[in-house]
file query.cif (mmCIF, C-alpha atoms)
data_model
#
loop_
_atom_site.label_atom_id
_atom_site.label_comp_id
_atom_site.auth_asym_id
_atom_site.auth_seq_id
_atom_site.Cartn_x
_atom_site.Cartn_y
_atom_site.Cartn_z
CA GLY A 822 37.52 35.90 31.05
CA ALA A 823 40.21 36.84 28.62
CA GLY A 824 42.72 34.17 29.53
CA VAL A 825 43.06 30.41 29.23
CA SER A 826 40.93 28.70 31.83
CA GLN A 827 41.69 25.27 33.27
CA SER A 828 39.68 23.07 35.59
CA PRO A 829 39.94 21.63 38.10
CA SER A 830 42.80 23.62 39.59
CA ASN A 831 43.55 20.72 41.93
CA LYS A 832 42.64 17.06 41.67
CA VAL A 833 43.49 14.28 44.09
CA THR A 834 42.67 10.78 42.96
CA GLU A 835 43.42 7.20 43.83
CA LYS A 836 45.70 5.04 41.76
CA GLY A 837 43.74 3.27 39.04
CA LYS A 838 41.01 5.89 38.69
CA ASP A 839 40.38 7.87 35.51
CA VAL A 840 40.63 11.68 35.49
CA GLU A 841 39.55 14.39 33.06
CA LEU A 842 41.17 17.79 32.87
CA ARG A 843 39.50 20.62 30.98
CA CYS A 844 40.91 23.57 29.07
CA ASP A 845 39.03 26.59 27.72
CA PRO A 846 41.37 28.43 25.34
CA ILE A 847 41.25 32.10 24.46
CA SER A 848 38.41 32.72 22.02
CA GLY A 849 39.60 32.65 18.42
CA HIS A 850 42.88 30.87 19.13
CA THR A 851 43.32 28.08 16.63
CA ALA A 852 46.16 26.24 18.33
CA LEU A 853 45.94 24.44 21.66
CA TYR A 854 48.70 22.64 23.52
CA TRP A 855 48.92 20.42 26.57
CA TYR A 856 52.14 20.25 28.58
CA ARG A 857 53.05 18.37 31.74
CA GLN A 858 55.25 19.88 34.42
CA SER A 859 56.60 17.48 37.01
CA LEU A 860 58.34 18.71 40.16
CA GLY A 861 61.66 20.27 39.21
CA GLN A 862 61.21 19.40 35.57
CA GLY A 863 60.59 21.44 32.50
CA LEU A 864 57.52 21.59 30.33
CA GLU A 865 56.99 18.22 28.72
CA PHE A 866 54.99 18.42 25.51
CA LEU A 867 51.99 16.10 25.38
CA ILE A 868 49.71 16.99 22.48
CA TYR A 869 49.01 19.82 20.03
CA PHE A 870 45.83 20.75 18.17
CA GLN A 871 45.83 23.15 15.24
CA GLY A 872 42.55 24.00 13.58
CA ASN A 873 41.03 21.05 11.79
CA SER A 874 44.34 19.27 11.28
CA ALA A 875 45.04 15.91 12.85
CA PRO A 876 46.51 16.50 16.33
CA ASP A 877 50.18 15.92 17.02
CA LYS A 878 50.07 13.22 19.70
CA SER A 879 53.77 12.46 19.65
CA GLY A 880 54.28 13.56 23.26
CA LEU A 881 51.67 11.39 24.94
CA PRO A 882 53.63 9.11 27.30
CA SER A 883 51.37 6.07 27.04
CA ASP A 884 48.05 4.89 25.64
CA ARG A 885 46.45 5.76 28.99
CA PHE A 886 46.61 9.39 27.89
CA SER A 887 44.23 10.87 25.34
CA ALA A 888 42.86 14.27 24.46
CA GLU A 889 40.03 15.72 22.46
CA ARG A 890 39.19 19.15 21.22
CA THR A 891 35.54 19.66 20.43
CA GLY A 892 34.34 22.27 17.98
CA GLY A 893 37.81 23.73 17.73
CA SER A 894 37.52 25.19 21.21
CA VAL A 895 37.36 23.35 24.55
CA SER A 896 39.80 20.50 25.10
CA THR A 897 39.74 17.61 27.55
CA LEU A 898 42.80 15.62 28.57
CA THR A 899 41.90 12.17 29.89
CA ILE A 900 44.20 9.94 31.90
CA GLN A 901 42.95 6.42 32.39
CA ARG A 902 44.02 4.08 35.19
CA THR A 903 46.14 6.77 36.82
CA GLN A 904 49.54 5.90 38.24
CA GLN A 905 51.56 7.74 40.90
CA GLU A 906 54.04 8.89 38.26
CA ASP A 907 51.19 10.79 36.58
CA SER A 908 51.26 13.26 39.48
CA ALA A 909 52.18 16.63 37.98
CA VAL A 910 50.81 20.00 36.94
CA TYR A 911 49.09 19.79 33.56
CA LEU A 912 49.30 23.06 31.67
CA CYS A 913 47.19 24.05 28.71
CA ALA A 914 48.12 26.84 26.31
CA SER A 915 46.58 28.40 23.25
CA SER A 916 47.90 30.63 20.49
CA LEU A 917 47.10 32.29 17.21
CA ALA A 918 49.54 29.94 15.50
CA GLY A 919 49.17 30.14 11.78
CA LEU A 920 48.76 33.90 11.77
CA GLY A 921 52.41 34.72 12.32
CA THR A 922 52.40 35.21 16.06
CA GLY A 923 54.26 32.75 18.24
CA GLU A 924 53.16 33.54 21.77
CA LEU A 925 51.61 30.77 23.83
CA PHE A 926 49.13 31.87 26.47
CA PHE A 927 49.13 29.45 29.36
CA GLY A 928 46.49 28.67 31.90
CA GLU A 929 47.39 28.30 35.56
CA GLY A 930 47.37 24.53 35.31
CA SER A 931 45.64 21.59 36.90
CA ARG A 932 47.62 19.99 39.71
CA LEU A 933 47.04 16.24 39.74
CA THR A 934 48.00 14.13 42.73
CA VAL A 935 47.66 10.36 42.45
CA LEU A 936 47.73 8.60 45.80
CA GLY B 524 63.19 15.70 17.04
CA GLU B 525 64.30 18.86 18.76
CA ASN B 526 66.15 18.71 22.07
CA VAL B 527 66.76 21.78 24.24
CA GLU B 528 69.33 21.91 27.04
CA GLN B 529 69.25 24.77 29.57
CA HIS B 530 71.84 25.90 32.09
CA PRO B 531 72.12 26.61 34.95
CA SER B 532 69.23 24.92 36.73
CA THR B 533 69.47 27.43 39.58
CA LEU B 534 70.97 30.90 39.67
CA SER B 535 71.27 33.27 42.60
CA VAL B 536 72.33 36.88 42.10
CA GLN B 537 72.45 40.06 44.14
CA GLU B 538 69.96 42.78 43.30
CA GLY B 539 71.41 45.03 40.63
CA ASP B 540 73.69 42.36 39.16
CA SER B 541 73.21 40.76 35.77
CA ALA B 542 71.90 37.25 35.16
CA VAL B 543 72.62 35.06 32.13
CA ILE B 544 70.84 31.85 31.21
CA LYS B 545 72.03 29.73 28.31
CA CYS B 546 70.32 27.19 26.08
CA THR B 547 71.41 24.92 23.27
CA TYR B 548 69.21 23.23 20.69
CA SER B 549 69.76 20.32 18.35
CA ASP B 550 67.55 20.86 15.29
CA SER B 551 69.19 23.22 12.81
CA ALA B 552 65.76 23.76 11.20
CA SER B 553 64.42 25.47 14.35
CA ASN B 554 63.73 29.11 13.66
CA TYR B 555 61.88 30.51 16.66
CA PHE B 556 63.27 30.86 20.19
CA PRO B 557 61.08 32.28 22.95
CA TRP B 558 61.74 32.76 26.65
CA TYR B 559 59.03 32.29 29.26
CA LYS B 560 58.89 33.38 32.89
CA GLN B 561 56.90 31.37 35.40
CA GLU B 562 56.02 32.82 38.76
CA LEU B 563 54.94 30.60 41.62
CA GLY B 564 51.51 29.10 41.10
CA LYS B 565 51.05 30.60 37.65
CA GLY B 566 51.44 29.50 34.08
CA PRO B 567 54.51 30.56 32.09
CA GLN B 568 54.36 33.92 30.36
CA LEU B 569 56.30 35.05 27.30
CA ILE B 570 58.88 37.72 28.06
CA ILE B 571 60.88 37.90 24.85
CA ASP B 572 61.42 35.93 21.67
CA ILE B 573 63.80 35.91 18.73
CA ARG B 574 63.62 34.51 15.24
CA SER B 575 66.50 33.00 13.34
CA ASN B 576 67.01 35.95 11.03
CA VAL B 577 68.04 38.14 13.98
CA GLY B 578 71.14 37.87 16.15
CA GLU B 579 70.06 39.95 19.12
CA LYS B 580 66.93 41.52 20.51
CA LYS B 581 66.46 43.85 23.47
CA ASP B 582 63.49 44.93 25.54
CA GLN B 583 64.42 47.26 28.38
CA ARG B 584 66.44 45.19 30.89
CA ILE B 585 66.05 41.95 28.96
CA ALA B 586 68.01 40.83 25.92
CA VAL B 587 68.31 37.61 23.98
CA THR B 588 71.19 36.60 21.71
CA LEU B 589 71.18 33.83 19.12
CA ASN B 590 74.11 32.01 17.55
CA LYS B 591 72.71 29.79 14.82
CA THR B 592 76.07 28.34 13.87
CA ALA B 593 76.67 27.08 17.38
CA LYS B 594 72.97 26.41 17.96
CA HIS B 595 72.76 28.27 21.22
CA PHE B 596 70.87 31.26 22.56
CA SER B 597 71.00 33.18 25.81
CA LEU B 598 68.84 35.37 28.00
CA HIS B 599 70.45 38.37 29.65
CA ILE B 600 68.77 40.29 32.47
CA THR B 601 70.53 43.46 33.60
CA GLU B 602 69.99 45.43 36.81
CA THR B 603 68.09 42.53 38.35
CA GLN B 604 65.29 43.23 40.81
CA PRO B 605 63.61 40.96 43.40
CA GLU B 606 60.54 40.72 41.18
CA ASP B 607 62.69 39.05 38.53
CA SER B 608 62.81 36.00 40.82
CA ALA B 609 61.02 33.20 38.98
CA VAL B 610 61.64 30.14 36.86
CA TYR B 611 62.73 30.94 33.31
CA PHE B 612 62.25 28.55 30.39
CA CYS B 613 63.82 28.69 26.98
CA ALA B 614 62.21 26.94 24.02
CA ALA B 615 62.87 26.16 20.39
CA SER B 616 60.47 25.52 17.59
CA ASP B 617 60.14 22.00 16.29
CA GLY B 618 59.80 22.41 12.58
CA ASN B 619 57.27 24.71 11.02
CA TYR B 620 56.13 26.54 14.14
CA GLY B 621 53.19 28.79 13.45
CA GLY B 622 52.10 26.86 10.42
CA SER B 623 50.02 23.77 9.96
CA GLN B 624 52.55 21.81 11.97
CA GLY B 625 54.82 22.92 14.66
CA ASN B 626 55.61 22.58 18.28
CA LEU B 627 57.64 24.21 21.00
CA ILE B 628 60.18 22.16 22.92
CA PHE B 629 61.13 23.63 26.28
CA GLY B 630 64.26 23.43 28.37
CA LYS B 631 64.04 22.22 31.97
CA GLY B 632 64.05 25.72 33.41
CA THR B 633 66.27 27.94 35.52
CA LYS B 634 65.19 29.04 38.96
CA LEU B 635 66.45 32.60 39.37
CA SER B 636 66.66 34.12 42.83
CA VAL B 637 67.44 37.80 43.18
CA LYS B 638 68.54 38.71 46.70
CA PRO B 639 67.77 42.22 47.94
#

call {"tool": "encode", "arguments": {"input": "query.cif", "output": "structure tokens"}}
result
Amino acid sequence: GAGVSQSPSNKVTEKGKDVELRCDPISGHTALYWYRQSLGQGLEFLIYFQGNSAPDKSGLPSDRFSAERTGGSVSTLTIQRTQQEDSAVYLCASSLAGLGTGELFFGEGSRLTVL
Amino acid sequence: GENVEQHPSTLSVQEGDSAVIKCTYSDSASNYFPWYKQELGKGPQLIIDIRSNVGEKKDQRIAVTLNKTAKHFSLHITETQPEDSAVYFCAASDGNYGGSQGNLIFGKGTKLSVKP
């Protein structure tokens, strides 16, 4: 596939459980972003990876949220002890940031529902 | 940090009319301003962008204007069509976008409905 791939597309979990959301960026893209989109809200920045630099974690809402990017490619967003307010669509995007282009390519998102 | 405000939150126009969406930003260092369109069930997609050394940019029926002094930028869609119906997001760079640091801060979106 040529686009950003996210899995699962839908996840329903019980309050207190941990969840992992996966993102496969476009091959060769050095930058990877996670955003959260709650109902009727905009795109809330969570975390940004760029090459081998330390990630920008300034958007993570609490210490229950963490993310990794292994080998400069696949990324996993982990939410521990989920709460109902974590219910949202989690969007991943990648780009060729650093090479002069600015376009973010988004996946279709992972819809998380916490019961 | 950067803060982006977007108005209106919803906009309904008749097919063929023009639509204008406005955004303001807070960080005078921001230098990159893209617009994204999000159709139902899909991720946002870039439709047009503008950098701070340019005041206006056009692409067919879409145009974006930037006023750096006032720190606001606008999206203009002319001759709207039903397929333009979507949620539109503006964004502003947060510092050195495209370099070793950098981030995009998005507005809350505008739901555009084009009535046939």

call {"tool": "atom_distance", "arguments": {"input": "query.cif", "atom1": "CA of Lys565 in chain B", "atom2": "CA of Phe927 in chain A"}}
result
8.6 Å

call {"tool": "resolve_selection", "arguments": {"input": "query.cif", "expression": "the PyMOL selection byres ((chain B) within 12 of (chain A))", "output": "short mmCIF file (atom, residue, chain, number, x, y, z; two decimals) with C-alpha atoms, in the frame of the given file"}}
result
data_model
loop_
_atom_site.label_atom_id
_atom_site.label_comp_id
_atom_site.auth_asym_id
_atom_site.auth_seq_id
_atom_site.Cartn_x
_atom_site.Cartn_y
_atom_site.Cartn_z
CA GLY B 524 63.19 15.70 17.04
CA GLU B 525 64.30 18.86 18.76
CA ASN B 526 66.15 18.71 22.07
CA VAL B 527 66.76 21.78 24.24
CA GLU B 528 69.33 21.91 27.04
CA GLN B 529 69.25 24.77 29.57
CA SER B 532 69.23 24.92 36.73
CA THR B 533 69.47 27.43 39.58
CA ASN B 554 63.73 29.11 13.66
CA TYR B 555 61.88 30.51 16.66
CA PHE B 556 63.27 30.86 20.19
CA PRO B 557 61.08 32.28 22.95
CA TRP B 558 61.74 32.76 26.65
CA TYR B 559 59.03 32.29 29.26
CA LYS B 560 58.89 33.38 32.89
CA GLN B 561 56.90 31.37 35.40
CA GLU B 562 56.02 32.82 38.76
CA LEU B 563 54.94 30.60 41.62
CA GLY B 564 51.51 29.10 41.10
CA LYS B 565 51.05 30.60 37.65
CA GLY B 566 51.44 29.50 34.08
CA PRO B 567 54.51 30.56 32.09
CA GLN B 568 54.36 33.92 30.36
CA LEU B 569 56.30 35.05 27.30
CA ILE B 570 58.88 37.72 28.06
CA ILE B 571 60.88 37.90 24.85
CA ASP B 572 61.42 35.93 21.67
CA ILE B 573 63.80 35.91 18.73
CA ARG B 574 63.62 34.51 15.24
CA VAL B 610 61.64 30.14 36.86
CA TYR B 611 62.73 30.94 33.31
CA PHE B 612 62.25 28.55 30.39
CA CYS B 613 63.82 28.69 26.98
CA ALA B 614 62.21 26.94 24.02
CA ALA B 615 62.87 26.16 20.39
CA SER B 616 60.47 25.52 17.59
CA ASP B 617 60.14 22.00 16.29
CA ASN B 619 57.27 24.71 11.02
CA TYR B 620 56.13 26.54 14.14
CA GLY B 621 53.19 28.79 13.45
CA GLY B 622 52.10 26.86 10.42
CA SER B 623 50.02 23.77 9.96
CA GLN B 624 52.55 21.81 11.97
CA GLY B 625 54.82 22.92 14.66
CA ASN B 626 55.61 22.58 18.28
CA LEU B 627 57.64 24.21 21.00
CA ILE B 628 60.18 22.16 22.92
CA PHE B 629 61.13 23.63 26.28
CA GLY B 630 64.26 23.43 28.37
CA LYS B 631 64.04 22.22 31.97
CA GLY B 632 64.05 25.72 33.41
CA THR B 633 66.27 27.94 35.52
CA LYS B 634 65.19 29.04 38.96
#

call {"tool": "resolve_selection", "arguments": {"input": "query.cif", "expression": "the PyMOL selection byres ((chain B and resi 540) around 7)", "output": "mmCIF file with C-alpha atoms, keeping the file's coordinate frame"}}
result
data_model
loop_
_atom_site.group_PDB
_atom_site.id
_atom_site.type_symbol
_atom_site.label_atom_id
_atom_site.label_comp_id
_atom_site.auth_asym_id
_atom_site.auth_seq_id
_atom_site.Cartn_x
_atom_site.Cartn_y
_atom_site.Cartn_z
ATOM 1 C CA VAL B 536 72.330 36.880 42.100
ATOM 2 C CA GLN B 537 72.450 40.060 44.140
ATOM 3 C CA GLU B 538 69.960 42.780 43.300
ATOM 4 C CA GLY B 539 71.410 45.030 40.630
ATOM 5 C CA SER B 541 73.210 40.760 35.770
ATOM 6 C CA ALA B 542 71.900 37.250 35.160
ATOM 7 C CA THR B 601 70.530 43.460 33.600
ATOM 8 C CA GLU B 602 69.990 45.430 36.810
ATOM 9 C CA THR B 603 68.090 42.530 38.350
#

call {"tool": "atom_distance", "arguments": {"input": "query.cif", "atom1": "CA of Gln604 in chain B", "atom2": "CA of Val543 in chain B"}}
result
14.0 Å

call {"tool": "residues_around", "arguments": {"input": "query.cif", "residues": "range 576-579 of chain B", "least_positions_apart": "3", "cutoff": "9 Å", "atoms": "all atoms listed in the file", "output": "PyMOL selection string"}}
result
chain B and resi 554+573+586-591

call {"tool": "resolve_selection", "arguments": {"input": "query.cif", "expression": "the PyMOL selection byres ((chain A and resi 849) around 9)", "output": "VMD selection string"}}
result
chain A and resid 846 to 848 850 to 851 894 916 to 917

call {"tool": "atom_distance", "arguments": {"input": "query.cif", "atom1": "CA of Leu867 in chain A", "atom2": "CA of Glu841 in chain A"}}
result
14.7 Å
